[in-house]
Each structure stands twice: as structure tokens, then as C-alpha cells.
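See below for work-v3.txt, which holds compact mmCIF, C-alpha atoms.
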```
# COMPACT_ATOMS: atom_id res chain seq x y z
CA MET A 1 -12.39 32.49 10.43
CA VAL A 2 -11.79 30.98 6.99
CA THR A 3 -14.19 32.56 4.50
CA ASP A 4 -14.52 33.62 0.87
CA GLN A 5 -12.37 30.73 -0.38
CA ASP A 6 -13.02 28.31 -3.24
CA ILE A 7 -12.48 24.71 -2.09
CA VAL A 8 -12.36 21.58 -4.22
CA CYS A 9 -12.65 18.51 -2.01
CA LEU A 10 -11.61 15.16 -3.51
CA SER A 11 -13.34 12.79 -1.13
CA SER A 12 -13.16 9.04 -0.61
CA GLN A 13 -16.86 8.93 0.27
CA ASP A 14 -20.04 9.79 -1.57
CA TRP A 15 -22.04 12.68 -0.18
CA ASP A 16 -24.92 10.42 0.88
CA ASP A 17 -22.70 7.81 2.57
CA LEU A 18 -22.66 7.65 6.36
CA TRP A 19 -21.51 11.10 7.39
CA THR A 20 -17.97 11.51 8.67
CA ARG A 21 -15.64 14.49 9.00
CA LYS A 22 -15.41 14.75 5.21
CA GLN A 23 -18.99 15.85 4.66
CA ARG A 24 -19.16 17.74 7.97
CA PHE A 25 -16.07 19.85 7.40
CA MET A 26 -17.04 20.74 3.85
CA GLN A 27 -20.55 21.68 4.92
CA ALA A 28 -19.06 23.83 7.70
CA PHE A 29 -16.79 25.59 5.21
CA ALA A 30 -19.76 26.31 2.93
CA ARG A 31 -21.75 27.73 5.82
CA ARG A 32 -18.82 30.03 6.63
CA GLY A 33 -19.26 31.66 3.21
CA ASN A 34 -16.75 29.58 1.25
CA ARG A 35 -17.69 27.99 -2.09
CA VAL A 36 -17.20 24.23 -1.96
CA LEU A 37 -17.17 21.56 -4.66
CA TYR A 38 -17.37 18.14 -2.97
CA VAL A 39 -16.19 15.51 -5.44
CA GLU A 40 -17.42 12.01 -4.62
CA ALA A 41 -15.24 8.91 -4.47
CA GLN A 42 -13.66 7.48 -7.59
CA ALA A 43 -15.38 4.33 -8.83
CA SER A 44 -14.03 2.07 -11.56
CA MET A 45 -15.76 0.31 -14.42
CA ILE A 46 -15.83 -2.90 -12.38
CA SER A 47 -17.43 -1.37 -9.26
CA VAL A 48 -20.35 -3.77 -9.50
CA GLY A 49 -21.50 -3.27 -5.92
CA ILE A 50 -21.82 0.49 -6.34
CA LEU A 51 -23.63 0.24 -9.65
CA ARG A 52 -26.01 -2.46 -8.44
CA HIS A 53 -27.01 -0.16 -5.61
CA ASP A 54 -27.35 2.90 -7.88
CA TRP A 55 -26.87 2.35 -11.63
CA ARG A 56 -27.58 6.02 -12.36
CA ARG A 57 -24.28 6.88 -10.72
CA ALA A 58 -22.47 5.89 -13.92
CA PHE A 59 -24.15 8.78 -15.78
CA ARG A 60 -24.54 11.42 -13.08
CA TRP A 61 -21.32 13.19 -14.08
CA CYS A 62 -22.92 14.22 -17.38
CA SER A 63 -25.08 16.86 -15.68
CA GLY A 64 -22.17 18.32 -13.76
CA PRO A 65 -22.09 19.36 -10.09
CA ARG A 66 -25.44 19.56 -8.29
CA ARG A 67 -26.22 22.19 -5.67
CA VAL A 68 -27.11 20.61 -2.32
CA GLU A 69 -27.23 23.83 -0.29
CA GLU A 70 -25.99 27.39 -0.50
CA ASN A 71 -22.30 27.52 -1.54
CA LEU A 72 -22.07 23.71 -1.64
CA TYR A 73 -21.97 21.58 -4.79
CA VAL A 74 -21.52 17.83 -5.19
CA GLY A 75 -19.93 16.28 -8.27
CA THR A 76 -19.99 12.60 -9.20
CA LEU A 77 -17.03 11.46 -11.30
CA PRO A 78 -17.36 9.24 -14.38
CA LEU A 79 -16.29 5.63 -14.02
CA VAL A 80 -12.54 5.30 -14.39
CA LEU A 81 -10.24 2.53 -15.54
CA PRO A 82 -9.95 -0.28 -13.00
CA GLY A 83 -6.63 -0.89 -11.32
CA PHE A 84 -5.91 2.69 -10.28
CA GLN A 85 -5.12 1.36 -6.78
CA MET A 86 -2.67 -1.16 -8.26
CA SER A 87 -0.88 0.73 -11.04
CA LEU A 88 0.82 4.12 -11.11
CA ALA A 89 0.31 4.31 -14.87
CA VAL A 90 -3.43 3.60 -14.73
CA ASN A 91 -3.81 6.10 -11.92
CA ARG A 92 -2.10 8.81 -13.97
CA ILE A 93 -4.21 8.08 -17.08
CA ASN A 94 -7.40 8.33 -15.03
CA ASN A 95 -6.30 11.62 -13.53
CA ILE A 96 -5.57 13.17 -16.91
CA VAL A 97 -9.24 12.63 -17.79
CA LEU A 98 -10.51 13.66 -14.36
CA GLY A 99 -8.31 16.77 -14.33
CA ARG A 100 -9.93 18.03 -17.54
CA LEU A 101 -13.38 17.42 -16.13
CA LEU A 102 -12.57 19.16 -12.84
CA ARG A 103 -11.20 22.18 -14.70
CA ARG A 104 -14.45 22.37 -16.65
CA TRP A 105 -16.53 22.10 -13.50
CA THR A 106 -14.55 24.71 -11.55
CA TYR A 107 -14.67 27.11 -14.52
CA ARG A 108 -18.43 26.69 -14.70
CA LEU A 109 -18.75 27.40 -10.97
CA GLY A 110 -16.48 30.44 -11.21
CA PHE A 111 -13.77 29.03 -8.95
CA ARG A 112 -10.42 30.80 -9.10
CA LYS A 113 -7.21 29.44 -7.52
CA PRO A 114 -9.06 27.06 -5.21
CA VAL A 115 -7.85 25.21 -2.16
CA LEU A 116 -7.39 21.58 -3.24
CA TRP A 117 -8.45 19.36 -0.34
CA THR A 118 -7.94 15.65 -0.82
CA TYR A 119 -8.66 12.56 1.26
CA ASN A 120 -6.88 9.95 -0.82
CA PRO A 121 -3.45 9.51 -2.42
CA TYR A 122 -4.94 8.46 -5.76
CA SER A 123 -5.39 12.17 -6.50
CA GLU A 124 -1.63 12.81 -6.32
CA SER A 125 -1.18 13.62 -10.01
CA LEU A 126 -4.12 16.06 -9.89
CA VAL A 127 -2.03 18.45 -7.82
CA GLY A 128 -1.39 21.46 -10.04
CA ALA A 129 -4.25 20.72 -12.44
CA LEU A 130 -6.52 23.41 -10.96
CA ASP A 131 -3.95 26.17 -10.39
CA GLU A 132 -4.70 25.78 -6.70
CA LYS A 133 -3.43 28.20 -4.05
CA LEU A 134 -3.11 25.51 -1.38
CA VAL A 135 -3.01 21.70 -1.21
CA VAL A 136 -4.32 19.92 1.91
CA TYR A 137 -4.07 16.17 2.36
CA GLU A 138 -6.28 14.90 5.16
CA CYS A 139 -5.29 11.38 6.15
CA VAL A 140 -8.01 9.79 8.27
CA ASP A 141 -6.94 6.12 8.05
CA GLU A 142 -3.83 4.07 7.37
CA LEU A 143 -4.57 3.46 3.70
CA LEU A 144 -1.56 1.18 3.36
CA ALA A 145 -3.64 -1.39 5.26
CA SER A 146 -6.54 -1.26 2.78
CA LYS A 147 -7.88 -4.53 1.43
CA GLY A 148 -9.32 -5.51 -1.91
CA LEU A 149 -7.84 -4.71 -5.32
CA VAL A 150 -5.02 -2.67 -3.77
CA ARG A 151 -1.24 -2.89 -3.97
CA ARG A 152 0.44 -1.61 -0.85
CA ASP A 153 3.58 -0.45 -2.66
CA VAL A 154 1.53 1.58 -5.15
CA VAL A 155 -0.51 3.25 -2.40
CA ALA A 156 2.68 3.95 -0.44
CA GLU A 157 4.36 5.61 -3.41
CA LEU A 158 1.33 7.73 -4.28
CA GLU A 159 0.95 8.84 -0.68
CA ARG A 160 4.66 9.64 -0.39
CA ARG A 161 4.42 11.88 -3.47
CA LEU A 162 1.23 13.55 -2.27
CA ILE A 163 2.60 14.32 1.19
CA ARG A 164 5.69 15.93 -0.35
CA LYS A 165 3.48 18.10 -2.58
CA ALA A 166 0.94 19.06 0.11
CA ASP A 167 1.22 22.39 1.90
CA LEU A 168 -0.55 20.89 4.90
CA VAL A 169 -1.16 17.33 6.07
CA ILE A 170 -3.89 16.69 8.63
CA VAL A 171 -4.10 13.37 10.45
CA THR A 172 -6.61 11.92 12.93
CA HIS A 173 -4.35 9.81 15.12
CA GLU A 174 -0.94 9.94 16.80
CA THR A 175 0.20 6.83 14.91
CA LEU A 176 -0.56 8.53 11.60
CA TYR A 177 1.21 11.67 12.81
CA ARG A 178 4.39 9.74 13.55
CA SER A 179 4.39 7.87 10.23
CA LYS A 180 3.58 10.88 7.97
CA ARG A 181 5.55 13.57 9.77
CA PRO A 182 9.00 12.83 8.26
CA LEU A 183 7.71 13.61 4.76
CA ALA A 184 5.39 16.53 5.52
CA ARG A 185 6.22 20.21 5.27
CA SER A 186 3.50 20.99 7.79
CA ILE A 187 1.39 18.48 9.71
CA GLN A 188 -1.40 18.84 12.26
CA LEU A 189 -3.24 16.28 14.40
CA ILE A 190 -7.03 16.83 14.52
CA PRO A 191 -8.85 13.73 15.81
CA ASN A 192 -12.40 12.73 14.98
CA GLY A 193 -15.34 13.94 17.03
CA ALA A 194 -19.06 13.54 17.41
CA GLU A 195 -22.25 15.53 17.17
CA VAL A 196 -22.36 15.43 20.95
CA GLU A 197 -25.73 17.10 21.49
CA HIS A 198 -27.40 14.79 18.98
CA PHE A 199 -26.29 11.61 20.74
CA ARG A 200 -27.03 13.04 24.19
CA LYS A 201 -30.66 12.63 23.19
CA ALA A 202 -30.26 8.89 23.84
CA ALA A 203 -30.17 9.70 27.57
CA ALA A 204 -33.14 12.07 27.48
CA PRO A 205 -36.33 10.72 29.11
CA GLU A 206 -38.45 11.93 26.18
CA THR A 207 -36.50 9.85 23.63
CA ARG A 208 -38.27 6.58 22.94
CA VAL A 209 -36.52 3.32 22.13
CA ALA A 210 -36.70 2.45 18.43
CA PRO A 211 -39.67 0.10 17.83
CA GLU A 212 -37.38 -2.52 16.24
CA LEU A 213 -35.59 -2.98 19.56
CA VAL A 214 -38.58 -2.95 21.90
CA GLY A 215 -39.42 -6.63 21.56
CA MET A 216 -35.87 -7.98 21.46
CA ARG A 217 -34.52 -10.22 24.18
CA ARG A 218 -32.35 -8.33 26.62
CA PRO A 219 -29.66 -7.45 27.18
CA VAL A 220 -29.03 -5.81 23.81
CA VAL A 221 -25.41 -5.33 22.76
CA GLY A 222 -25.28 -2.76 19.97
CA PHE A 223 -22.99 -1.42 17.26
CA VAL A 224 -23.50 1.58 14.96
CA GLY A 225 -21.27 2.24 11.94
CA THR A 226 -20.11 0.94 8.62
CA ILE A 227 -19.80 -2.86 8.62
CA GLN A 228 -16.67 -3.62 6.60
CA TYR A 229 -13.59 -5.85 6.76
CA TRP A 230 -12.22 -3.92 9.74
CA ILE A 231 -15.15 -5.07 11.93
CA ASP A 232 -14.38 -8.34 13.72
CA MET A 233 -17.24 -10.62 12.77
CA GLU A 234 -15.48 -13.56 14.38
CA LEU A 235 -15.65 -11.70 17.70
CA ILE A 236 -19.36 -11.04 17.27
CA ARG A 237 -19.89 -14.72 16.44
CA PHE A 238 -17.96 -15.75 19.54
CA LEU A 239 -20.03 -13.48 21.78
CA ALA A 240 -23.33 -14.46 20.18
CA LEU A 241 -22.60 -18.16 20.70
CA ALA A 242 -21.40 -17.56 24.25
CA GLN A 243 -24.61 -15.67 25.11
CA PRO A 244 -27.41 -17.11 22.94
CA GLU A 245 -30.06 -15.49 25.14
CA TRP A 246 -28.70 -11.99 24.39
CA SER A 247 -29.43 -9.86 21.32
CA PHE A 248 -26.63 -8.42 19.20
CA VAL A 249 -27.72 -5.53 16.98
CA LEU A 250 -25.58 -4.14 14.13
CA ILE A 251 -26.77 -0.90 12.53
CA GLY A 252 -25.12 0.42 9.38
CA PRO A 253 -24.44 -0.34 5.71
CA ILE A 254 -22.63 -3.59 4.94
CA GLY A 255 -19.52 -3.34 2.77
CA ARG A 256 -18.61 -5.81 0.06
CA LEU A 257 -15.59 -7.14 2.00
CA ALA A 258 -17.36 -7.54 5.35
CA ALA A 259 -17.07 -11.11 6.66
CA THR A 260 -20.81 -11.41 7.30
CA GLU A 261 -20.71 -15.14 6.57
CA LYS A 262 -19.36 -15.50 10.12
CA ILE A 263 -22.71 -14.48 11.60
CA GLN A 264 -25.08 -16.07 9.12
CA GLY A 265 -27.63 -18.32 10.76
CA LEU A 266 -27.20 -16.83 14.24
CA ALA A 267 -30.72 -16.09 15.44
CA ASN A 268 -29.59 -13.59 18.08
CA VAL A 269 -27.56 -11.40 15.69
CA HIS A 270 -29.64 -8.75 13.93
CA THR A 271 -28.19 -6.71 11.04
CA LEU A 272 -30.66 -3.88 10.63
CA GLY A 273 -28.87 -2.02 7.83
CA ARG A 274 -28.56 1.72 7.61
CA ARG A 275 -30.98 3.85 9.61
CA ARG A 276 -31.66 7.58 9.41
CA TYR A 277 -29.14 9.65 11.30
CA GLU A 278 -31.97 11.49 13.01
CA ASP A 279 -33.19 8.21 14.49
CA LEU A 280 -29.88 6.86 15.81
CA PRO A 281 -30.34 8.16 19.39
CA SER A 282 -33.53 6.08 19.67
CA TYR A 283 -31.58 2.98 18.68
CA VAL A 284 -28.64 3.68 20.97
CA LYS A 285 -31.12 4.28 23.81
CA GLY A 286 -32.24 0.67 23.32
CA PHE A 287 -28.69 -0.69 23.75
CA ASP A 288 -27.70 -2.00 27.17
CA VAL A 289 -24.04 -1.96 26.14
CA CYS A 290 -22.28 -0.49 23.09
CA LEU A 291 -19.57 -2.54 21.39
CA ASN A 292 -16.48 -1.35 19.52
CA PRO A 293 -15.48 -4.58 17.68
CA TYR A 294 -12.55 -3.66 15.44
CA VAL A 295 -10.16 -6.23 14.05
CA VAL A 296 -7.00 -5.42 16.01
CA ASP A 297 -4.54 -4.76 13.20
CA GLU A 298 -2.73 -1.89 11.53
CA THR A 299 -6.02 -0.13 10.77
CA ALA A 300 -7.19 -0.23 14.38
CA MET A 301 -3.84 1.00 15.69
CA SER A 302 -4.17 4.23 13.69
CA CYS A 303 -7.93 4.70 13.77
CA SER A 304 -10.02 7.32 15.56
CA PRO A 305 -13.48 5.67 15.63
CA LEU A 306 -16.39 8.10 15.57
CA LYS A 307 -18.55 5.50 17.30
CA LEU A 308 -16.54 5.71 20.54
CA TYR A 309 -17.34 9.41 20.85
CA GLU A 310 -20.98 8.83 19.91
CA TYR A 311 -21.48 6.01 22.41
CA LEU A 312 -19.98 8.07 25.22
CA ALA A 313 -22.02 11.12 24.25
CA ALA A 314 -25.10 8.92 24.68
CA GLY A 315 -23.93 8.05 28.19
CA LYS A 316 -23.88 4.33 27.46
CA PRO A 317 -21.49 1.69 28.83
CA VAL A 318 -18.88 0.84 26.19
CA VAL A 319 -16.80 -2.31 25.74
CA SER A 320 -13.99 -2.13 23.19
CA VAL A 321 -11.20 -4.17 21.72
CA ASP A 322 -7.73 -3.05 22.76
CA MET A 323 -6.83 -0.11 20.52
CA PRO A 324 -5.08 3.18 21.36
CA GLU A 325 -8.14 5.39 20.92
CA ALA A 326 -10.15 3.35 23.42
CA ARG A 327 -7.32 3.59 25.97
CA LYS A 328 -7.72 7.38 25.93
CA PHE A 329 -10.96 6.96 27.87
CA ASP A 330 -9.50 4.86 30.66
CA GLY A 331 -12.13 4.19 33.30
CA LEU A 332 -14.98 5.09 30.95
CA VAL A 333 -14.44 2.53 28.18
CA ALA A 334 -13.85 -1.09 29.24
CA VAL A 335 -11.03 -2.51 27.11
CA GLY A 336 -10.55 -6.24 26.53
CA ARG A 337 -7.31 -7.74 25.22
CA ASP A 338 -8.92 -10.87 23.78
CA TYR A 339 -12.33 -12.41 23.12
CA HIS A 340 -12.63 -13.91 26.60
CA GLU A 341 -11.82 -10.63 28.33
CA ILE A 342 -14.33 -8.77 26.15
CA HIS A 343 -16.95 -11.39 27.04
CA ALA A 344 -16.20 -10.96 30.75
CA LEU A 345 -16.43 -7.18 30.47
CA LEU A 346 -19.82 -7.45 28.74
CA LEU A 347 -21.05 -9.70 31.55
CA GLU A 348 -20.01 -7.03 34.04
CA ALA A 349 -21.55 -4.21 32.02
CA VAL A 350 -24.98 -5.80 31.68
CA LYS A 351 -25.28 -6.08 35.47
CA GLY A 352 -26.26 -2.43 35.37
CA ARG A 353 -23.56 -0.96 37.56
CA ASP A 354 -22.60 1.48 34.81
CA ALA A 355 -26.19 2.78 34.68
CA ASP A 356 -25.51 4.96 37.71
CA PRO A 357 -26.42 8.61 36.86
CA ALA A 358 -22.98 9.83 37.90
CA ARG A 359 -21.30 7.35 35.51
CA ILE A 360 -23.62 8.38 32.70
CA GLU A 361 -22.81 12.05 33.26
CA ALA A 362 -19.08 11.28 33.44
CA ARG A 363 -19.16 9.62 30.04
CA MET A 364 -21.08 12.52 28.52
CA ALA A 365 -18.72 15.07 30.06
CA ALA A 366 -15.65 13.22 28.76
CA VAL A 367 -16.61 13.79 25.12
CA GLN A 368 -17.91 17.34 25.47
CA PRO A 369 -14.53 18.74 24.29
CA HIS A 370 -14.68 16.45 21.23
CA SER A 371 -17.60 18.05 19.39
CA TRP A 372 -17.40 18.63 15.65
CA ASP A 373 -17.70 22.38 16.26
CA ARG A 374 -14.50 22.32 18.31
CA ARG A 375 -12.75 20.15 15.74
CA PHE A 376 -13.67 22.60 12.99
CA ALA A 377 -12.47 25.52 15.10
CA ASP A 378 -9.10 23.74 15.42
CA LEU A 379 -9.07 23.25 11.67
CA GLU A 380 -9.67 26.94 11.00
CA LYS A 381 -6.88 27.93 13.39
CA THR A 382 -4.52 25.71 11.44
CA LEU A 383 -5.55 27.05 8.03
CA GLU A 384 -5.77 30.78 8.73
CA PRO A 385 -2.04 31.55 8.99
CA ILE A 386 -1.26 29.51 5.87
CA LEU A 387 -3.93 31.30 3.83
CA ASP A 388 -2.91 34.67 5.26
CA GLY A 389 0.61 33.89 4.10
CA GLY A 390 -0.61 33.62 0.52
CA GLY A 391 -0.97 29.86 0.18
CA ARG A 392 1.53 27.78 -1.74
CA SER A 393 5.23 28.50 -1.29
```

This entry written out as C-alpha cells:
Amino acid sequence: MVTDQDIVCLSSQDWDDLWTRKQRFMQAFARRGNRVLYVEAQASMISVGILRHDWRRAFRWCSGPRRVEENLYVGTLPLVLPGFQMSLAVNRINNIVLGRLLRRWTYRLGFRKPVLWTYNPYSESLVGALDEKLVVYECVDELLASKGLVRRDVVAELERRLIRKADLVIVTHETLYRSKRPLARSIQLIPNGAEVEHFRKAAAPETRVAPELVGMRRPVVGFVGTIQYWIDMELIRFLALAQPEWSFVLIGPIGRLAATEKIQGLANVHTLGRRRYEDLPSYVKGFDVCLNPYVVDETAMSCSPLKLYEYLAAGKPVVSVDMPEARKFDGLVAVGRDYHEIHALLLEAVKGRDADPARIEARMAAVQPHSWDRRFADLEKTLEPILDGGGRS
């Protein structure tokens, strides 16, 4: 068990964003008796979308880290110079300022020789700023495929430097393992998971369908997750036009780069926005089929989608685009190679053949080994020998 450590986590998500492994792992560390500072994502002075949603974010850093539960603190960084994803020089300037602030925060919290845990390569020049005992880089996506104000060559160089400095690299997918391994001193594959017992509630008789879905025309094809550029809105448009009598329900926050113009004006596509995590089983219960509609590109080829695990934990039929992670559940996830195949698979799924109790139980059983508790146990097994060895070499 990893305990009595100080951990500074440089995340690429805010604490209150949709929860992924970032928040879950850090919460688990804190509940093990470690002291954790979770540092929210960097935002620049031109992050209009973030500030429009929450203008107070620009000033939250002034009050320092806030305690969210025992042993767990969350810090919001000040706005930084724009272009840190496009310029090595700008990135370094930003990190000089952020390094001073992080030293002040960790001193105030009484952290000594912390574990520096980072989720993004933009923190590369912060390595060494906190006199850390160990540096962990957790790579959960192929960041070289990011869109927006990003230069691929800059991201590649920053990641190359970070991997060389890191004592341990953790990746979520075999594709990431193969691409990062040549540079890493030590690398471990720990895929994503799901809160299996939570999503099993969707199959429980006592769970009621969310009221928003009760009156919708059936069948209901549903999606839960962040709606961003990696979600294939053209596919959803194609399916919605092919089946105008069906309902397509998208649940989750909509990112600035999401191609939502593709589905505007479609009466049978319903974007419900973010819903409380506690309520998600009641929404998934109202889905006849769950859809995994990624754009099939570099991101999809190296992605471990949480939603696949969650859908299966709910016992629901799943139709997915053709990506490696979906192929792992051969026979339980229907995989289509193009729009027409996906449409045909949905037609088959809504006939109800996959509603057989044995099929439902098979899907649930398939993801039982993929719980977050098991993922965290794997993480601890990886860390323990490195920490026992004294940390950085």
C-alpha cells in the first residue's frame, strides 16, 4: 500500500469536470493517508470559454489551495500566457511563474520532497522545481493528435523531454505503450476502468428511468461523455436522418471544438448537457442501445474510452465504431467499420435480442475485472517498489 506520501498532481482537468482516472486516483491516494495537492488544468488569458462559464476562476488562485476532503487539496492556477501549446519559450516562461507559486503552495501545506504526478507535457520544465522524490507522467491520450491552438512539433518535443525525465510513465492503451516505450526508463500499461457497481444499478429493477427519457420516442440510442471534436457528429447526423422516428440522446458537457453544427435542427437528436453522476444509471436504463461514436483517427486508435466499460457494466447493448478498445470485447460490443455497418448493427440491436438476461449478465461479468479499485491496486503495485527504492535515481 502506498501511504504517507506527499503528491502534487498537475492535471489536465479541473476537479469538477467529468470525473476520470485523474480525480479518482488522486482521491484514492488521499484516502490511503497520502497528502495530495490536485492542481487544475492550465488556462490561458484567452480561454474565453472557461471564463464565460466561471469568471471567478481567474482569481481563485489568490486564496491558494482549497481543502475538498481530508488530505486532499485543489489548487487553481492563475491565467498564463497564451501560446504555451505552440511555443517552447512561452511554455518555459509560464512554468517559471507557476513553479514559484507551486513552491509557495507546497510549503504552506507542509509538503516535503513530494511525488510529482503530471498528466500533460506542458509541465516538463516544472520537473525539479519542487525537489520531488519521484516524477510520474501518466499519458491517457495521444496528445500529439490534439486540436485547437496546438503545434504538434512543440507537443512532441515537450513530451519527449518529459518522458526522458520521468521515473515512471503510465499509459492507458497498447498503442501508447508502443510509442512511448523507446524513451521511457520505466513504463506500465494501466487501462481505464469504470465504477462497475454504480452502473450496474441501470439493470436493477428498482432504478427508474430518468423522467426526461420517459416520453421520448423509442428506441432511444444514447451516449454519455464529454462531447468534443473526437465525437463523430457526422455519424450521429447520418443515423438520425436514417432513422427519424428514433431518439438520439447525448448526455455530457459540450466542448468548444465539438462539431455540434452537424446536428443542429434535427428534432430527434437531444443534447441534454451534463447530468449528475449519481443520476447516470437512470439515464442509461432508458437507453435501448448505447453508442460509442468516436471519430476514427489517431486519437481513437490510442484511446481507452471509459464509456465502453460503463455501458457494459449497465448490461446494455453497445454499438461502436471500429477502434482497438472496442475489439477487446468481441461478441459483447458490436463493431461497425463504416456508417452503414453501424446503422445495420443498431437495427439489429433494437430488435431486443440482446435483452436476453444471459447476455446482460455476460456484459456485466466482462467488465467486473475492470473496476477502478482494481486499477488502483495495479497502480500501487507499480509504485511501491520504486518508492521503496528511494525514488529518483

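Minimum distance to Leu345 (chain A) across A:Ala89, A:Val97, A:Val214, A:Leu239 (counting all atoms listed in the file) occurs at A:Leu239.
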
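In this structure, CA of Arg35 (chain A) sits 4.8 Å away from CA of Asp6 (chain A).
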
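We find CA of Val220 (chain A) and CA of Ser247 (chain A) to be spaced 4.8 Å apart.
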
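The two atoms in question, CA of Thr299 (chain A) and CA of Ala194 (chain A), are spaced 20.0 Å apart.
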
How close does each residue of region 97-119 of chain A get to region 133-145 of chain A, giving the shortest atom pair and distance in Å to one decimal for every residue with an atom at most 6 Å away, counting only C-alpha atoms, sorted by chain and residue number, as JSON lines?
```
{"residue": "A:Lys113", "atom": "CA", "partner": "A:Lys133", "partner_atom": "CA", "distance": 5.3}
{"residue": "A:Pro114", "atom": "CA", "partner": "A:Lys133", "partner_atom": "CA", "distance": 5.9}
{"residue": "A:Val115", "atom": "CA", "partner": "A:Leu134", "partner_atom": "CA", "distance": 4.8}
{"residue": "A:Leu116", "atom": "CA", "partner": "A:Val135", "partner_atom": "CA", "distance": 4.8}
{"residue": "A:Trp117", "atom": "CA", "partner": "A:Val136", "partner_atom": "CA", "distance": 4.7}
{"residue": "A:Thr118", "atom": "CA", "partner": "A:Tyr137", "partner_atom": "CA", "distance": 5.0}
{"residue": "A:Tyr119", "atom": "CA", "partner": "A:Glu138", "partner_atom": "CA", "distance": 5.1}
```

Per residue of region 143-247 of chain A within 10 Å of region 378-391 of chain A, what are the shortest atom pair and its distance in Å to one decimal, counting only C-alpha atoms, with rows by chain and residue number, as JSON lines?
```
{"residue": "A:Asp167", "atom": "CA", "partner": "A:Gly391", "partner_atom": "CA", "distance": 8.0}
{"residue": "A:Leu168", "atom": "CA", "partner": "A:Leu383", "partner_atom": "CA", "distance": 8.5}
{"residue": "A:Ile170", "atom": "CA", "partner": "A:Leu379", "partner_atom": "CA", "distance": 8.9}
{"residue": "A:Ser186", "atom": "CA", "partner": "A:Ile386", "partner_atom": "CA", "distance": 9.9}
{"residue": "A:Ile187", "atom": "CA", "partner": "A:Thr382", "partner_atom": "CA", "distance": 9.5}
{"residue": "A:Gln188", "atom": "CA", "partner": "A:Thr382", "partner_atom": "CA", "distance": 7.6}
{"residue": "A:Leu189", "atom": "CA", "partner": "A:Leu379", "partner_atom": "CA", "distance": 9.5}
{"residue": "A:Ile190", "atom": "CA", "partner": "A:Asp378", "partner_atom": "CA", "distance": 7.3}
```

Pick from A:Arg24, A:Asp4, A:Glu212, A:Leu272 nearest to Phe111 (chain A), counting all atoms listed in the file =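 Of A:Arg24, A:Asp4, A:Glu212, A:Leu272, the one nearest Phe111 (chain A) is A:Asp4, counting all atoms listed in the file.
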
Around the point (-9.7, -2.5, 15.7), in the coordinates given by the file, pick out the residues reaching within 10 Å, counting all atoms listed in the file, and return them as number ranges by chain.
-> A: 230-232, 292-305, 320-326

Residue nearest Tyr339 (chain A) - candidates A:Arg31, A:Arg276, A:Arg375, A:Arg237, atoms counted: all atoms listed in the file |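 Distance minimum relative to Tyr339 (chain A) lands on A:Arg237.
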
Please tabulate, as a Markdown table, the residues of region 288-326 of chain A that come within 9 Å of region 362-369 of chain A, each with its closest pair of atoms and the distance in Å to one decimal, counting all atoms listed in the file and ordering rows by chain, then residue number upward.
```
| residue | atom | partner | partner_atom | distance |
| --- | --- | --- | --- | --- |
| A:Tyr309 | CA | A:Val367 | CA | 6.2 |
| A:Glu310 | CA | A:Val367 | CA | 8.4 |
| A:Tyr311 | CA | A:Arg363 | CA | 8.8 |
| A:Leu312 | CA | A:Arg363 | CA | 5.1 |
| A:Ala313 | CA | A:Met364 | CA | 4.6 |
| A:Ala314 | CA | A:Met364 | CA | 6.6 |
| A:Gly315 | CA | A:Met364 | CA | 5.3 |
| A:Lys316 | CA | A:Arg363 | CA | 7.5 |
| A:Pro317 | CA | A:Arg363 | CA | 8.4 |
```

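The closest residue to Tyr229 (chain A), picked from A:Val169, A:Leu280, A:Leu102, A:Ile254 and counting all atoms listed in the file, is A:Ile254.
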
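Distances from A:Ser125, A:Ser371, A:Asn91, A:Ser44 to Glu197 (chain A) were compared using all atoms listed in the file, and the smallest one belongs to A:Ser371.
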
Selection near Asp14 (chain A), 8 Å with only C-alpha atoms, sequence-local residues under 4 positions removed, as a list of chain:residue names =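 These residues fall inside the cut-off: A:Val39, A:Glu40, A:Ala41.
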